[in-house]
>>> print(open('final06.txt').read())   # compact mmCIF, C-alpha atoms
# COMPACT_ATOMS: atom_id res chain seq x y z
CA MET A 29 -148.77 251.35 191.68
CA ILE A 30 -146.26 252.72 189.20
CA GLY A 31 -142.61 252.27 188.31
CA GLN A 32 -140.67 249.30 187.01
CA SER A 33 -140.21 245.62 187.83
CA ASN A 34 -139.79 245.76 191.60
CA MET A 35 -143.17 247.48 191.86
CA ALA A 36 -144.68 245.08 189.33
CA GLY A 37 -143.25 242.21 191.37
CA ARG A 38 -140.80 239.51 190.38
CA GLY A 39 -140.76 237.49 193.61
CA PRO A 40 -141.43 233.75 193.18
CA LEU A 41 -145.06 233.02 193.97
CA ASP A 42 -144.28 229.85 195.91
CA ALA A 43 -141.70 231.48 198.22
CA VAL A 44 -144.20 233.06 200.63
CA PRO A 45 -147.75 232.18 201.74
CA PRO A 46 -150.37 233.62 199.40
CA ILE A 47 -152.44 236.60 200.54
CA GLU A 48 -156.16 236.65 199.84
CA HIS A 49 -158.53 239.05 201.55
CA PRO A 50 -162.16 239.92 200.78
CA LEU A 51 -161.49 243.64 201.27
CA ILE A 52 -158.50 243.88 198.92
CA PHE A 53 -159.34 244.48 195.26
CA MET A 54 -157.37 245.01 192.06
CA PHE A 55 -158.36 246.92 188.93
CA ARG A 56 -157.82 244.86 185.80
CA GLU A 57 -159.16 245.27 182.27
CA GLY A 58 -161.59 247.96 183.32
CA SER A 59 -163.12 246.15 186.30
CA TRP A 60 -162.61 245.75 190.03
CA MET A 61 -162.10 242.20 191.28
CA ILE A 62 -160.77 240.42 194.35
CA ALA A 63 -156.99 240.84 194.32
CA ARG A 64 -154.77 237.84 193.68
CA GLU A 65 -151.09 237.74 192.87
CA PRO A 66 -149.52 238.40 190.52
CA LEU A 67 -151.20 241.81 190.46
CA HIS A 68 -149.36 242.97 187.35
CA THR A 69 -149.51 241.50 183.86
CA ASP A 70 -146.76 243.61 182.29
CA LYS A 71 -144.65 240.48 181.67
CA PRO A 72 -146.89 237.51 182.46
CA ALA A 73 -144.17 234.87 182.18
CA ILE A 74 -142.17 236.37 185.05
CA ALA A 75 -144.75 238.33 187.06
CA GLY A 76 -144.86 237.39 190.74
CA ILE A 77 -144.96 238.70 194.28
CA GLY A 78 -144.76 242.47 194.64
CA PRO A 79 -145.27 244.94 197.49
CA GLY A 80 -148.94 245.61 196.82
CA MET A 81 -150.70 242.87 198.77
CA SER A 82 -148.70 243.26 201.98
CA PHE A 83 -149.20 247.04 201.70
CA ALA A 84 -152.96 246.49 201.56
CA VAL A 85 -152.97 244.06 204.50
CA ALA A 86 -150.96 246.48 206.63
CA VAL A 87 -153.39 249.30 205.81
CA LEU A 88 -156.37 247.13 206.77
CA GLU A 89 -154.75 246.25 210.07
CA GLN A 90 -154.93 249.94 210.96
CA LYS A 91 -158.16 250.71 209.08
CA PRO A 92 -160.29 247.55 209.37
CA GLU A 93 -163.41 249.35 208.15
CA ALA A 94 -161.78 250.23 204.81
CA GLN A 95 -161.62 248.56 201.43
CA VAL A 96 -158.31 248.74 199.58
CA GLY A 97 -158.20 248.92 195.81
CA LEU A 98 -154.89 248.37 194.03
CA VAL A 99 -154.38 249.81 190.54
CA PRO A 100 -151.37 248.05 188.96
CA CYS A 101 -149.66 250.18 186.29
CA ALA A 102 -145.93 249.37 186.69
CA VAL A 103 -143.92 248.08 183.72
CA GLY A 104 -140.62 246.26 184.12
CA GLY A 105 -137.42 247.69 182.66
CA THR A 106 -138.73 251.21 182.11
CA PRO A 107 -136.77 254.47 182.52
CA LEU A 108 -138.06 257.59 184.24
CA LYS A 109 -138.41 259.37 180.89
CA ARG A 110 -141.35 257.11 180.04
CA TRP A 111 -143.08 258.22 183.25
CA MET A 112 -142.67 261.94 182.64
CA PRO A 113 -145.69 264.11 181.72
CA GLY A 114 -146.84 263.38 178.18
CA ALA A 115 -144.90 260.12 177.88
CA ASP A 116 -146.65 256.84 177.21
CA LEU A 117 -146.59 255.27 180.68
CA PHE A 118 -147.57 258.53 182.40
CA ASN A 119 -150.56 258.82 180.09
CA ASN A 120 -151.52 255.18 180.57
CA ALA A 121 -151.34 255.40 184.37
CA VAL A 122 -153.53 258.51 184.34
CA ALA A 123 -156.09 256.88 182.05
CA VAL A 124 -156.27 253.66 184.09
CA ALA A 125 -156.44 255.50 187.42
CA ARG A 126 -159.25 257.70 186.14
CA GLN A 127 -161.17 254.59 185.13
CA ALA A 128 -160.56 253.01 188.51
CA CYS A 129 -161.70 256.14 190.34
CA ALA A 130 -165.18 255.72 188.87
CA GLY A 131 -165.54 253.04 191.54
CA GLY A 132 -163.35 254.46 194.30
CA THR A 133 -161.26 257.35 195.59
CA LEU A 134 -157.56 257.79 194.90
CA LYS A 135 -155.76 257.72 198.24
CA GLY A 136 -152.10 257.25 197.33
CA ILE A 137 -149.47 256.69 194.65
CA LEU A 138 -146.80 254.03 195.21
CA TRP A 139 -143.59 254.43 193.17
CA HIS A 140 -140.59 252.16 192.77
CA GLN A 141 -138.29 252.92 189.87
CA GLY A 142 -134.70 253.91 189.19
CA GLU A 143 -132.82 250.71 188.45
CA ASN A 144 -132.93 251.60 184.76
CA ASP A 145 -131.64 255.11 185.40
CA SER A 146 -128.77 254.06 187.68
CA ALA A 147 -126.51 252.74 184.93
CA ARG A 148 -125.46 256.04 183.33
CA GLU A 149 -124.48 259.34 184.89
CA GLU A 150 -126.48 261.34 182.35
CA ASP A 151 -129.65 259.58 183.53
CA THR A 152 -128.80 259.80 187.22
CA ARG A 153 -127.55 263.35 187.70
CA ASN A 154 -130.99 264.97 187.44
CA TYR A 155 -133.15 262.03 188.51
CA GLY A 156 -134.54 263.85 191.55
CA GLN A 157 -135.23 267.02 189.59
CA ARG A 158 -137.18 265.10 186.96
CA LEU A 159 -139.16 263.16 189.56
CA GLU A 160 -139.90 266.42 191.35
CA GLU A 161 -141.42 267.69 188.08
CA MET A 162 -143.38 264.51 187.48
CA ILE A 163 -145.10 264.25 190.88
CA PRO A 164 -147.16 267.48 190.76
CA ALA A 165 -147.95 266.91 187.09
CA LEU A 166 -149.29 263.44 187.88
CA ARG A 167 -151.28 264.73 190.85
CA ALA A 168 -152.75 267.51 188.69
CA ALA A 169 -153.67 265.13 185.88
CA LEU A 170 -155.49 262.96 188.42
CA GLY A 171 -157.22 265.91 190.05
CA CYS A 172 -155.65 265.10 193.43
CA PRO A 173 -153.04 267.80 194.18
CA GLU A 174 -152.30 266.55 197.70
CA VAL A 175 -152.52 262.77 197.26
CA PRO A 176 -149.60 261.07 199.08
CA PHE A 177 -146.73 259.91 196.88
CA ILE A 178 -144.62 257.15 198.45
CA ALA A 179 -141.33 256.12 196.81
CA GLY A 180 -139.01 253.26 197.66
CA GLU A 181 -135.23 253.04 197.68
CA LEU A 182 -133.37 250.78 195.28
CA GLY A 183 -131.73 247.65 196.68
CA ALA A 184 -128.05 247.74 197.62
CA PHE A 185 -127.57 244.48 195.73
CA LEU A 186 -127.56 246.53 192.50
CA ALA A 187 -123.87 247.12 193.21
CA ARG A 188 -123.32 243.48 192.18
CA TYR A 189 -125.55 243.48 189.10
CA THR A 190 -124.16 242.80 185.62
CA PRO A 191 -124.04 245.14 183.75
CA PRO A 192 -123.28 247.30 186.79
CA ARG A 193 -125.67 249.83 188.31
CA PRO A 194 -122.99 251.82 190.15
CA LEU A 195 -125.11 254.94 190.61
CA TYR A 196 -127.99 253.39 192.57
CA GLU A 197 -126.78 255.21 195.70
CA SER A 198 -127.13 258.53 193.90
CA VAL A 199 -130.71 257.69 192.93
CA ASN A 200 -131.48 256.71 196.52
CA ARG A 201 -129.96 259.91 197.84
CA GLN A 202 -132.07 261.97 195.46
CA LEU A 203 -135.19 260.03 196.42
CA ARG A 204 -134.56 260.80 200.09
CA LEU A 205 -133.85 264.50 199.45
CA LEU A 206 -137.30 264.97 197.96
CA GLU A 207 -138.78 264.43 201.42
CA GLY A 208 -137.88 268.02 202.22
CA ARG A 209 -138.97 269.41 198.88
CA VAL A 210 -142.27 267.77 197.89
CA SER A 211 -145.43 267.91 200.00
CA ARG A 212 -146.94 264.64 201.23
CA TYR A 213 -143.98 262.69 199.86
CA ALA A 214 -142.08 259.94 201.65
CA CYS A 215 -139.26 257.59 200.72
CA VAL A 216 -139.10 254.17 202.36
CA SER A 217 -135.84 252.41 203.14
CA SER A 218 -134.62 249.26 201.42
CA GLU A 219 -132.19 248.52 204.25
CA TRP A 220 -131.63 244.80 204.93
CA LEU A 221 -133.82 243.72 202.03
CA GLN A 222 -132.44 240.93 199.84
CA ASP A 223 -132.50 240.06 196.16
CA LYS A 224 -133.78 236.79 194.75
CA GLY A 225 -130.35 235.80 193.48
CA ASP A 226 -130.16 238.00 190.38
CA ASN A 227 -128.82 241.20 192.02
CA LEU A 228 -131.75 243.09 190.49
CA HIS A 229 -135.09 242.03 191.97
CA PHE A 230 -136.12 241.84 195.62
CA ASP A 231 -137.01 238.34 196.80
CA SER A 232 -140.57 237.54 197.86
CA ALA A 233 -140.03 237.96 201.61
CA SER A 234 -138.34 241.32 201.04
CA LEU A 235 -141.20 242.50 198.85
CA ARG A 236 -143.65 241.60 201.60
CA GLU A 237 -141.59 243.73 204.00
CA LEU A 238 -141.25 246.54 201.45
CA GLY A 239 -145.03 246.66 201.14
CA ARG A 240 -145.36 246.99 204.91
CA ARG A 241 -142.84 249.86 204.85
CA TYR A 242 -144.86 251.60 202.15
CA ALA A 243 -147.96 251.18 204.33
CA ARG A 244 -146.31 252.70 207.40
CA ALA A 245 -145.19 255.69 205.34
CA TRP A 246 -148.64 256.11 203.78
CA LEU A 247 -150.40 255.86 207.14
CA SER A 248 -148.12 258.62 208.45
CA SER A 249 -148.59 260.88 205.43
>>> encode(input="final06.txt", output="structure tokens")
Amino acid sequence: MIGQSNMAGRGPLDAVPPIEHPLIFMFREGSWMIAREPLHTDKPAIAGIGPGMSFAVAVLEQKPEAQVGLVPCAVGGTPLKRWMPGADLFNNAVAVARQACAGGTLKGILWHQGENDSAREEDTRNYGQRLEEMIPALRAALGCPEVPFIAGELGAFLARYTPPRPLYESVNRQLRLLEGRVSRYACVSSEWLQDKGDNLHFDSASLRELGRRYARAWLSS
């Protein structure tokens, strides 16, 4: 699970029923443990509901014999340049995923990022090109050249954010275009999903739905 705050999860914990399942695990501080939200600890004071748990539940509904391990590596507020090959968050995600794979098999990469890059045209114009470079490099570093990579669209509410994120539609368009360019890649829609009142972060119910959309895309990959 990589990207920025909407992958890390900023939904209020008390806004939706908690999810606990004996077959859903999270990798934290070098060990596998039963997953409980918040999955991420990037910003503990504001960490909350994300898409990971509902993704895992939806996968288990179709694959009840499986165990699902979630590897949280997202960091709020981060630009794509920090996720490019050789950058700090790319290297950290590779290192953590390699550790996690000592006790499991990498089956997918979930990506939600772009809010940071949708403020300035110089960051947006080649967003898709840069992501298209990052995906095979990440797969190669993890030794999984065909592992599914599932991205998610940014929320339309970014049009109302202050300071403005006027180029979110361009990021979304580039995310969708990669479906015809990158193997085993899918982009899930953010249509009808709502923010939690800050015009930046999906609310808890929307993050539950986003996780289910990620799962449908992964199951079809």
>>> residues_near_point(input="final06.txt", point="(-137.2, 235.7, 193.3)", cutoff="10 Å", atoms="all atoms listed in the file", output="list in words")
Gly37, Arg38, Gly39, Pro40, Leu41, Asp42, Ala43, Ile74, Gly76, Ile77, Gln222, Asp223, Lys224, Gly225, Asp226, Leu228, His229, Phe230, Asp231, Ser232, Ala233, Ser234 and Leu235 of chain A
>>> write_last_selection(input="final06.txt", atoms="C-alpha atoms", output="short mmCIF file (atom, residue, chain, number, x, y, z; two decimals), in the coordinates of the input")
data_model
loop_
_atom_site.label_atom_id
_atom_site.label_comp_id
_atom_site.auth_asym_id
_atom_site.auth_seq_id
_atom_site.Cartn_x
_atom_site.Cartn_y
_atom_site.Cartn_z
CA GLY A 37 -143.25 242.21 191.37
CA ARG A 38 -140.80 239.51 190.38
CA GLY A 39 -140.76 237.49 193.61
CA PRO A 40 -141.43 233.75 193.18
CA LEU A 41 -145.06 233.02 193.97
CA ASP A 42 -144.28 229.85 195.91
CA ALA A 43 -141.70 231.48 198.22
CA ILE A 74 -142.17 236.37 185.05
CA GLY A 76 -144.86 237.39 190.74
CA ILE A 77 -144.96 238.70 194.28
CA GLN A 222 -132.44 240.93 199.84
CA ASP A 223 -132.50 240.06 196.16
CA LYS A 224 -133.78 236.79 194.75
CA GLY A 225 -130.35 235.80 193.48
CA ASP A 226 -130.16 238.00 190.38
CA LEU A 228 -131.75 243.09 190.49
CA HIS A 229 -135.09 242.03 191.97
CA PHE A 230 -136.12 241.84 195.62
CA ASP A 231 -137.01 238.34 196.80
CA SER A 232 -140.57 237.54 197.86
CA ALA A 233 -140.03 237.96 201.61
CA SER A 234 -138.34 241.32 201.04
CA LEU A 235 -141.20 242.50 198.85
#
>>> residues_around(input="final06.txt", residues="stretch 157-168 of chain A", least_positions_apart="4", cutoff="7 Å", atoms="all atoms listed in the file", output="list in words")
Met112, Pro113, Cys172, Pro173 and Val175 of chain A
>>> residues_near_point(input="final06.txt", point="(-137.1, 250.6, 184.6)", cutoff="6 Å", atoms="all atoms listed in the file", output="number ranges by chain")
A: 32, 104-107, 141, 143-144
>>> atom_distance(input="final06.txt", atom1="atom CA of A:Leu238", atom2="atom CA of A:Met29")
13.2 Å
>>> residues_around(input="final06.txt", residues="A:Ile178", least_positions_apart="6", cutoff="7 Å", atoms="all atoms listed in the file", output="JSON, numbers by chain")
{"A": [137, 138, 139, 213, 214, 215, 242, 246]}
>>> residues_around(input="final06.txt", residues="A:Leu205", least_positions_apart="4", cutoff="9 Å", atoms="only C-alpha atoms", output="PDB file with C-alpha atoms, keeping the file's coordinate frame")
ATOM      1  CA  GLY A 156    -134.540 263.850 191.550  1.00  0.00           C
ATOM      2  CA  ASN A 200    -131.480 256.710 196.520  1.00  0.00           C
ATOM      3  CA  ARG A 201    -129.960 259.910 197.840  1.00  0.00           C
ATOM      4  CA  ARG A 209    -138.970 269.410 198.880  1.00  0.00           C
ATOM      5  CA  CYS A 215    -139.260 257.590 200.720  1.00  0.00           C
TER       6      CYS A 215
END
>>> atom_distance(input="final06.txt", atom1="atom CA of A:Pro194", atom2="atom CA of A:Thr152")
10.3 Å
>>> atom_distance(input="final06.txt", atom1="atom CA of A:Arg241", atom2="atom CA of A:Val216")
6.2 Å
>>> residues_around(input="final06.txt", residues="stretch 126-136 of chain A", least_positions_apart="4", cutoff="12 Å", atoms="only C-alpha atoms", output="PyMOL selection string")
chain A and resi 29-30+53-61+83-84+87+94-101+119-122+163+166-167+169-179+212-214+242-243+245-249
>>> closest_residue(input="final06.txt", among="A:Ala184, A:Val199, A:Leu206, A:Leu51", to="A:Asn154", atoms="only C-alpha atoms")
A:Val199
>>> closest_residue(input="final06.txt", among="A:Thr69, A:Lys91, A:Gly180, A:Asp145", to="A:Pro192", atoms="only C-alpha atoms")
A:Asp145
>>> closest_residue(input="final06.txt", among="A:Leu67, A:Val210, A:Ala75, A:Val85", to="A:Glu237", atoms="only C-alpha atoms")
A:Val85
>>> residues_around(input="final06.txt", residues="A:Ser82", least_positions_apart="3", cutoff="8 Å", atoms="only C-alpha atoms", output="number ranges by chain")
A: 47, 79, 85-86, 236-237, 239-240
>>> closest_residue(input="final06.txt", among="A:Gly208, A:Gly142, A:Gly183, A:Gly78", to="A:Val44", atoms="all atoms listed in the file")
A:Gly78
>>> closest_residue(input="final06.txt", among="A:Ala147, A:Tyr155, A:Ser218, A:Leu88", to="A:Arg193", atoms="only C-alpha atoms")
A:Ala147
>>> closest_residue(input="final06.txt", among="A:Arg188, A:Arg244, A:Arg153, A:His49", to="A:Gln202", atoms="only C-alpha atoms")
A:Arg153
